[in-house]
file structure09.cif (mmCIF, C-alpha atoms)
data_data
#
loop_
_atom_site.label_atom_id
_atom_site.label_comp_id
_atom_site.auth_asym_id
_atom_site.auth_seq_id
_atom_site.Cartn_x
_atom_site.Cartn_y
_atom_site.Cartn_z
CA MET A 19 -5.99 -34.10 7.38
CA LYS A 20 -5.02 -32.27 10.55
CA ILE A 21 -4.63 -28.54 10.10
CA LYS A 22 -2.27 -26.72 12.43
CA LEU A 23 -3.74 -23.35 13.30
CA PHE A 24 -1.45 -21.99 16.00
CA THR A 25 2.00 -22.26 14.47
CA ILE A 26 4.55 -19.54 15.24
CA PRO A 27 4.24 -17.93 11.76
CA ASN A 28 0.43 -17.95 12.05
CA ILE A 29 0.57 -16.32 15.48
CA LEU A 30 2.80 -13.59 14.05
CA THR A 31 0.33 -13.13 11.19
CA LEU A 32 -2.51 -12.76 13.70
CA CYS A 33 -0.43 -10.11 15.50
CA ASN A 34 -0.24 -8.31 12.14
CA LEU A 35 -4.04 -8.49 11.86
CA LEU A 36 -4.61 -7.26 15.41
CA SER A 37 -2.22 -4.36 14.85
CA GLY A 38 -4.22 -3.40 11.77
CA CYS A 39 -7.44 -3.56 13.77
CA ALA A 40 -5.90 -1.27 16.39
CA ALA A 41 -4.82 1.18 13.67
CA ALA A 42 -8.39 1.36 12.33
CA VAL A 43 -9.75 1.92 15.85
CA PHE A 44 -7.27 4.72 16.54
CA ALA A 45 -8.17 6.39 13.24
CA LEU A 46 -11.96 6.02 13.42
CA CYS A 47 -12.80 6.00 17.13
CA VAL A 48 -9.93 7.61 19.05
CA ASN A 49 -9.08 10.19 16.38
CA ASP A 50 -5.37 9.64 16.94
CA LEU A 51 -3.45 9.33 13.67
CA GLN A 52 -0.10 9.13 15.43
CA TRP A 53 -0.98 5.88 17.14
CA ALA A 54 -2.65 4.68 13.94
CA PHE A 55 0.67 5.18 12.16
CA TRP A 56 2.65 3.21 14.74
CA CYS A 57 0.12 0.38 14.62
CA VAL A 58 0.55 0.13 10.84
CA VAL A 59 4.33 0.09 11.32
CA VAL A 60 4.01 -2.73 13.86
CA ALA A 61 1.73 -4.60 11.45
CA ALA A 62 4.36 -4.27 8.72
CA VAL A 63 7.03 -5.63 11.09
CA PHE A 64 4.87 -8.65 11.92
CA ASP A 65 4.14 -9.10 8.19
CA PHE A 66 7.88 -9.35 7.57
CA LEU A 67 8.51 -11.60 10.55
CA ASP A 68 5.85 -14.20 9.73
CA GLY A 69 7.43 -14.91 6.33
CA PHE A 70 10.95 -14.79 7.75
CA VAL A 71 10.11 -17.22 10.55
CA ALA A 72 8.21 -19.52 8.18
CA ARG A 73 11.30 -19.77 5.97
CA LEU A 74 13.57 -20.19 8.99
CA LEU A 75 11.46 -22.99 10.49
CA LYS A 76 10.45 -24.41 7.09
CA SER A 77 6.84 -24.25 8.20
CA HIS A 78 5.10 -22.90 5.11
CA SER A 79 1.46 -23.93 4.84
CA ALA A 80 -1.56 -23.27 2.67
CA ILE A 81 -3.49 -21.88 5.63
CA GLY A 82 -0.58 -19.57 6.46
CA LYS A 83 -0.65 -18.12 2.95
CA GLU A 84 -4.40 -17.49 3.09
CA LEU A 85 -4.21 -16.08 6.62
CA ASP A 86 -1.44 -13.70 5.59
CA SER A 87 -3.59 -12.22 2.83
CA LEU A 88 -6.60 -11.87 5.12
CA ALA A 89 -4.49 -10.08 7.72
CA ASP A 90 -2.99 -7.79 5.08
CA CYS A 91 -6.49 -6.85 3.89
CA ILE A 92 -7.11 -5.39 7.35
CA SER A 93 -3.70 -3.91 8.12
CA PHE A 94 -2.84 -2.57 4.67
CA GLY A 95 -6.30 -2.06 3.20
CA MET A 96 -8.90 -1.25 5.84
CA ALA A 97 -6.56 0.58 8.24
CA PRO A 98 -5.09 3.06 5.71
CA ALA A 99 -8.57 3.71 4.32
CA ALA A 100 -9.69 4.54 7.87
CA VAL A 101 -6.77 6.97 8.17
CA LEU A 102 -7.81 8.68 4.93
CA LEU A 103 -11.40 8.97 6.14
CA ASN A 104 -10.15 10.70 9.29
CA VAL A 105 -7.99 13.05 7.18
CA TYR A 106 -10.93 13.85 4.89
CA TYR A 107 -13.26 15.00 7.67
CA ALA A 108 -10.50 16.60 9.77
CA ALA A 109 -9.60 18.70 6.72
CA GLY A 110 -13.14 20.04 6.50
CA GLY A 111 -14.72 17.51 4.17
CA GLU A 112 -18.48 17.08 4.28
CA GLY A 113 -21.07 14.62 3.06
CA LEU A 114 -20.61 11.03 2.00
CA TRP A 115 -17.78 11.65 -0.47
CA GLY A 116 -15.28 10.84 2.26
CA TYR A 117 -16.34 7.20 2.22
CA SER A 118 -15.04 6.89 -1.33
CA VAL A 119 -11.59 6.45 0.24
CA PHE A 120 -12.58 2.86 1.05
CA VAL A 121 -11.94 2.08 -2.61
CA LEU A 122 -8.37 1.72 -1.33
CA ALA A 123 -9.44 -1.22 0.85
CA ALA A 124 -11.18 -2.86 -2.11
CA PHE A 125 -8.19 -2.47 -4.44
CA SER A 126 -5.81 -3.67 -1.73
CA ALA A 127 -7.87 -6.87 -1.54
CA LEU A 128 -7.71 -7.22 -5.35
CA ARG A 129 -3.96 -6.71 -5.27
CA LEU A 130 -3.49 -9.35 -2.57
CA ALA A 131 -5.71 -11.86 -4.39
CA LYS A 132 -3.78 -11.26 -7.61
CA PHE A 133 -0.47 -11.74 -5.80
CA ASN A 134 -1.58 -15.14 -4.48
CA ILE A 135 -2.09 -16.60 -7.96
CA ASP A 136 0.42 -14.62 -10.04
CA GLU A 137 3.52 -16.71 -10.71
CA ASN A 138 5.33 -13.67 -12.12
CA GLN A 139 5.71 -12.12 -8.66
CA THR A 140 8.23 -14.49 -7.14
CA THR A 141 11.26 -12.22 -7.70
CA GLN A 142 9.48 -8.90 -8.33
CA PHE A 143 6.15 -7.21 -7.68
CA ILE A 144 3.58 -6.32 -10.29
CA GLY A 145 2.04 -3.13 -8.97
CA LEU A 146 2.69 -1.37 -5.68
CA PRO A 147 2.91 -3.73 -2.66
CA SER A 148 0.08 -3.13 -0.20
CA PRO A 149 2.41 -2.54 2.82
CA ALA A 150 4.14 0.28 0.91
CA SER A 151 0.78 1.85 0.11
CA ALA A 152 -0.32 1.57 3.74
CA LEU A 153 2.90 3.08 5.11
CA LEU A 154 2.63 6.03 2.72
CA VAL A 155 -0.95 6.72 3.88
CA ALA A 156 -0.18 6.19 7.56
CA ALA A 157 2.88 8.48 7.45
CA SER A 158 0.89 11.15 5.59
CA GLY A 159 -1.85 10.86 8.21
CA TYR A 160 0.74 11.18 10.98
CA MET A 161 2.09 14.41 9.48
CA VAL A 162 -1.41 15.83 8.99
CA GLY A 163 -2.42 14.79 12.50
CA THR A 164 0.62 16.46 14.07
CA GLY A 165 0.06 19.66 12.09
CA GLN A 166 3.25 19.35 10.02
CA TYR A 167 1.25 19.61 6.81
CA ALA A 168 -2.14 21.11 5.99
CA VAL A 169 -4.18 19.45 3.26
CA GLY A 170 -7.65 19.80 1.82
CA PRO A 171 -10.28 17.06 2.06
CA TRP A 172 -9.80 16.04 -1.57
CA PHE A 173 -6.20 15.12 -0.82
CA ALA A 174 -7.52 12.00 0.89
CA VAL A 175 -9.81 11.07 -2.00
CA GLY A 176 -7.12 11.74 -4.60
CA LEU A 177 -4.49 9.74 -2.73
CA ALA A 178 -6.88 6.79 -2.40
CA ALA A 179 -7.55 6.89 -6.15
CA VAL A 180 -3.87 7.10 -7.15
CA LEU A 181 -2.80 4.31 -4.79
CA SER A 182 -5.71 2.11 -5.89
CA TYR A 183 -4.46 2.34 -9.47
CA LEU A 184 -0.84 1.68 -8.50
CA LEU A 185 -1.84 -1.40 -6.49
CA VAL A 186 -3.34 -3.22 -9.48
CA CYS A 187 -1.38 -1.73 -12.40
CA ASN A 188 0.80 -4.04 -14.49
CA VAL A 189 4.01 -2.15 -13.78
CA PRO A 190 6.88 -4.36 -12.52
CA MET A 191 8.42 -3.06 -9.30
CA PHE A 192 11.59 -4.43 -7.80
CA ALA A 193 11.41 -6.41 -4.59
CA LEU A 194 13.94 -6.22 -1.77
CA LYS A 195 14.43 -9.97 -1.99
CA PHE A 196 18.01 -11.20 -2.24
CA LYS A 197 18.81 -14.54 -3.88
CA HIS A 198 22.43 -13.82 -2.96
CA TYR A 199 24.15 -10.99 -1.11
CA GLY A 200 26.70 -9.99 -3.73
CA PHE A 201 26.52 -6.47 -5.14
CA ARG A 202 26.34 -7.57 -8.78
CA GLY A 203 22.73 -8.20 -9.65
CA ASN A 204 21.55 -6.39 -6.51
CA GLU A 205 22.78 -2.90 -7.38
CA VAL A 206 19.32 -1.29 -7.37
CA ARG A 207 18.33 -3.01 -4.13
CA TYR A 208 21.46 -2.03 -2.21
CA ILE A 209 21.55 1.56 -3.45
CA PHE A 210 17.86 2.08 -2.76
CA ALA A 211 18.07 0.49 0.71
CA VAL A 212 21.06 2.66 1.72
CA CYS A 213 19.42 5.84 0.43
CA ALA A 214 16.17 4.98 2.20
CA LEU A 215 17.97 4.40 5.50
CA LEU A 216 19.82 7.70 5.16
CA LEU A 217 16.57 9.57 4.49
CA LEU A 218 14.94 7.92 7.52
CA ALA A 219 17.91 8.84 9.70
CA ILE A 220 17.74 12.49 8.58
CA TRP A 221 14.00 13.16 8.15
CA HIS A 222 12.48 10.31 10.21
CA ILE A 223 8.75 9.76 9.53
CA VAL A 224 8.61 12.63 7.04
CA ALA A 225 10.88 10.61 4.74
CA ILE A 226 8.47 7.68 4.34
CA PRO A 227 6.15 9.16 1.67
CA PHE A 228 9.17 10.35 -0.31
CA ILE A 229 10.77 6.90 -0.07
CA ILE A 230 7.61 5.22 -1.41
CA VAL A 231 7.34 7.75 -4.26
CA ALA A 232 11.04 7.20 -5.03
CA TYR A 233 10.44 3.42 -5.02
CA VAL A 234 7.78 3.79 -7.71
CA ALA A 235 9.95 6.21 -9.71
CA VAL A 236 13.02 3.93 -9.57
CA SER A 237 10.90 0.93 -10.61
CA LEU A 238 9.61 2.86 -13.62
CA ALA A 239 13.16 3.98 -14.50
CA VAL A 240 14.46 0.39 -14.31
CA ARG A 241 11.60 -0.79 -16.50
CA ALA A 242 12.32 1.94 -19.07
CA ALA A 243 16.01 1.02 -19.09
CA CYS A 244 15.16 -2.64 -19.70
CA PHE A 245 12.92 -1.67 -22.62
CA ARG A 246 15.73 0.38 -24.18
CA LYS A 247 18.15 -2.55 -23.90
CA SER A 248 15.68 -4.92 -25.49
#
call {"tool": "encode", "arguments": {"input": "structure09.cif", "output": "structure tokens"}}
result
Amino acid sequence: MKIKLFTIPNILTLCNLLSGCAAAVFALCVNDLQWAFWCVVVAAVFDFLDGFVARLLKSHSAIGKELDSLADCISFGMAPAAVLLNVYYAAGGEGLWGYSVFVLAAFSALRLAKFNIDENQTTQFIGLPSPASALLVAASGYMVGTGQYAVGPWFAVGLAAVLSYLLVCNVPMFALKFKHYGFRGNEVRYIFAVCALLLLAIWHIVAIPFIIVAYVAVSLAVRAACFRKS
């Protein structure tokens, strides 16, 4: 069986991976959390595009699925952990405790592996999606790096622990995937998307952590409402 390696979706996935590598380098070697943030953003854009193009060209493949998860492990696992390590030591942390933030990379890999075999995640997510976790960390690192917020070293460790739990928890979280574009049935998606865009327009990068926190809160509220109805 001939395996096609260099399809357009796979090339986009590799661009995602390379962007994640660049983010880790900027965080660990260049000590520039602003560029690390933008590299994670670019990785997330490529992560969206590879799936979009695969659907558009009808070129889904088993190797594409595996490659996507491997790329996401770097861009949304390793790279945000590298950002947190930078934050830990920049905030005055000492010793080896800072390396505990790499638990985030490990749990991101677990979350991605679970996603690949979980048939319950076709229309929703179970646990926090790894790109959302990475964007929250990268945006927080950007704000710390630019001096907008001052944090202690244990902020990095605590954030890694909380996000690690959210990545693998069994809490259903809505996905911005539209089976149709009518408002009925997509109320939560449309309202959340509009509010998120407004926050980004007003607060820019500062809005990203609040949007991710709101995403988790809305998902929990929707779940609670479903339980009450049942």
call {"tool": "resolve_selection", "arguments": {"input": "structure09.cif", "expression": "the PyMOL selection byres ((chain A and resi 54) around 6)", "output": "list of chain:residue names"}}
result
A:Ala41, A:Phe44, A:Ala45, A:Leu51, A:Gln52, A:Trp53, A:Phe55, A:Trp56, A:Cys57
call {"tool": "residues_around", "arguments": {"input": "structure09.cif", "residues": "Ala131 in chain A", "least_positions_apart": "6", "cutoff": "10 Å", "atoms": "all atoms listed in the file", "output": "JSON, numbers by chain"}}
result
{"A": [84, 87, 88, 91, 125]}
call {"tool": "closest_residue", "arguments": {"input": "structure09.cif", "among": "A:Ala168, A:Leu184, A:Ala179, A:Leu103", "to": "Leu146 in chain A", "atoms": "all atoms listed in the file"}}
result
A:Leu184
call {"tool": "resolve_selection", "arguments": {"input": "structure09.cif", "expression": "the PyMOL selection byres ((chain A and resi 201-213) around 10)", "output": "PyMOL selection string"}}
result
chain A and resi 192-200+214-219+229+232-233+236-237+240
call {"tool": "resolve_selection", "arguments": {"input": "structure09.cif", "expression": "the PyMOL selection byres ((chain A and resi 67) around 12)", "output": "count of residues only"}}
result
25
call {"tool": "atom_distance", "arguments": {"input": "structure09.cif", "atom1": "CA of Val155 in chain A", "atom2": "CA of Ala178 in chain A"}}
result
8.6 Å
call {"tool": "atom_distance", "arguments": {"input": "structure09.cif", "atom1": "CA of Leu46 in chain A", "atom2": "CA of Pro98 in chain A"}}
result
10.7 Å
call {"tool": "atom_distance", "arguments": {"input": "structure09.cif", "atom1": "CA of Pro149 in chain A", "atom2": "CA of Glu137 in chain A"}}
result
19.6 Å
call {"tool": "closest_residue", "arguments": {"input": "structure09.cif", "among": "A:Gln139, A:Tyr106, A:Val224, A:Lys22", "to": "Gly176 in chain A", "atoms": "only C-alpha atoms"}}
result
A:Tyr106
call {"tool": "closest_residue", "arguments": {"input": "structure09.cif", "among": "A:Ala124, A:Ala157, A:Val105, A:Ala225", "to": "Val175 in chain A", "atoms": "all atoms listed in the file"}}
result
A:Val105
call {"tool": "axis_aligned_box", "arguments": {"input": "structure09.cif", "around": "range 181-195 of chain A", "padding_each_side": "4 Å", "output": "AutoDock Vina command-line options"}}
result
--center_x 4.4 --center_y -2.8 --center_z -8.1 --size_x 28.1 --size_y 22.3 --size_z 20.7
call {"tool": "closest_residue", "arguments": {"input": "structure09.cif", "among": "A:Val186, A:Val162, A:Ile230, A:Ala242", "to": "Val101 in chain A", "atoms": "only C-alpha atoms"}}
result
A:Val162
call {"tool": "closest_residue", "arguments": {"input": "structure09.cif", "among": "A:Ile223, A:Ala42, A:Leu85, A:Val119", "to": "Met161 in chain A", "atoms": "all atoms listed in the file"}}
result
A:Ile223
call {"tool": "residues_near_point", "arguments": {"input": "structure09.cif", "point": "(-17.7, 4.4, 0.6)", "cutoff": "12 Å", "atoms": "all atoms listed in the file", "output": "VMD selection string"}}
result
chain A and resid 96 99 to 100 102 to 103 113 to 124 175 178
call {"tool": "closest_residue", "arguments": {"input": "structure09.cif", "among": "A:Val43, A:Ala108, A:Met191, A:Ala174", "to": "Ser158 in chain A", "atoms": "all atoms listed in the file"}}
result
A:Ala174
call {"tool": "decode", "arguments": {"input": "structure09.cif", "residues": "range 168-179 of chain A", "atoms": "N, CA, C and O atoms", "output": "PDB file, in the first residue's frame"}}
result
ATOM      1  N   ALA A 168       1.881  40.815  37.107  1.00  0.00           N
ATOM      2  CA  ALA A 168       2.972  40.245  37.901  1.00  0.00           C
ATOM      3  C   ALA A 168       2.443  39.017  38.635  1.00  0.00           C
ATOM      4  O   ALA A 168       1.374  39.072  39.253  1.00  0.00           O
ATOM      5  N   VAL A 169       3.140  37.919  38.523  1.00  0.00           N
ATOM      6  CA  VAL A 169       2.711  36.678  39.175  1.00  0.00           C
ATOM      7  C   VAL A 169       3.879  36.088  39.942  1.00  0.00           C
ATOM      8  O   VAL A 169       5.047  36.416  39.701  1.00  0.00           O
ATOM      9  N   GLY A 170       3.574  35.207  40.869  1.00  0.00           N
ATOM     10  CA  GLY A 170       4.599  34.473  41.584  1.00  0.00           C
ATOM     11  C   GLY A 170       4.945  33.199  40.838  1.00  0.00           C
ATOM     12  O   GLY A 170       4.217  32.778  39.937  1.00  0.00           O
ATOM     13  N   PRO A 171       6.035  32.558  41.200  1.00  0.00           N
ATOM     14  CA  PRO A 171       6.463  31.337  40.495  1.00  0.00           C
ATOM     15  C   PRO A 171       5.446  30.207  40.574  1.00  0.00           C
ATOM     16  O   PRO A 171       5.325  29.412  39.635  1.00  0.00           O
ATOM     17  N   TRP A 172       4.692  30.141  41.690  1.00  0.00           N
ATOM     18  CA  TRP A 172       3.756  29.040  41.842  1.00  0.00           C
ATOM     19  C   TRP A 172       2.509  29.209  40.993  1.00  0.00           C
ATOM     20  O   TRP A 172       1.707  28.276  40.870  1.00  0.00           O
ATOM     21  N   PHE A 173       2.356  30.387  40.398  1.00  0.00           N
ATOM     22  CA  PHE A 173       1.271  30.565  39.420  1.00  0.00           C
ATOM     23  C   PHE A 173       1.451  29.586  38.269  1.00  0.00           C
ATOM     24  O   PHE A 173       0.485  28.955  37.813  1.00  0.00           O
ATOM     25  N   ALA A 174       2.684  29.448  37.799  1.00  0.00           N
ATOM     26  CA  ALA A 174       2.964  28.557  36.676  1.00  0.00           C
ATOM     27  C   ALA A 174       2.666  27.105  37.031  1.00  0.00           C
ATOM     28  O   ALA A 174       2.047  26.365  36.254  1.00  0.00           O
ATOM     29  N   VAL A 175       3.104  26.688  38.217  1.00  0.00           N
ATOM     30  CA  VAL A 175       2.887  25.306  38.651  1.00  0.00           C
ATOM     31  C   VAL A 175       1.392  25.045  38.852  1.00  0.00           C
ATOM     32  O   VAL A 175       0.862  24.005  38.428  1.00  0.00           O
ATOM     33  N   GLY A 176       0.709  25.985  39.489  1.00  0.00           N
ATOM     34  CA  GLY A 176      -0.720  25.826  39.733  1.00  0.00           C
ATOM     35  C   GLY A 176      -1.523  25.776  38.444  1.00  0.00           C
ATOM     36  O   GLY A 176      -2.444  24.963  38.298  1.00  0.00           O
ATOM     37  N   LEU A 177      -1.178  26.647  37.496  1.00  0.00           N
ATOM     38  CA  LEU A 177      -1.892  26.665  36.219  1.00  0.00           C
ATOM     39  C   LEU A 177      -1.685  25.361  35.467  1.00  0.00           C
ATOM     40  O   LEU A 177      -2.619  24.815  34.871  1.00  0.00           O
ATOM     41  N   ALA A 178      -0.461  24.830  35.497  1.00  0.00           N
ATOM     42  CA  ALA A 178      -0.181  23.550  34.839  1.00  0.00           C
ATOM     43  C   ALA A 178      -1.032  22.438  35.451  1.00  0.00           C
ATOM     44  O   ALA A 178      -1.568  21.582  34.735  1.00  0.00           O
ATOM     45  N   ALA A 179      -1.155  22.441  36.781  1.00  0.00           N
ATOM     46  CA  ALA A 179      -1.927  21.401  37.466  1.00  0.00           C
ATOM     47  C   ALA A 179      -3.412  21.492  37.123  1.00  0.00           C
ATOM     48  O   ALA A 179      -4.060  20.476  36.813  1.00  0.00           O
TER      49      ALA A 179
END
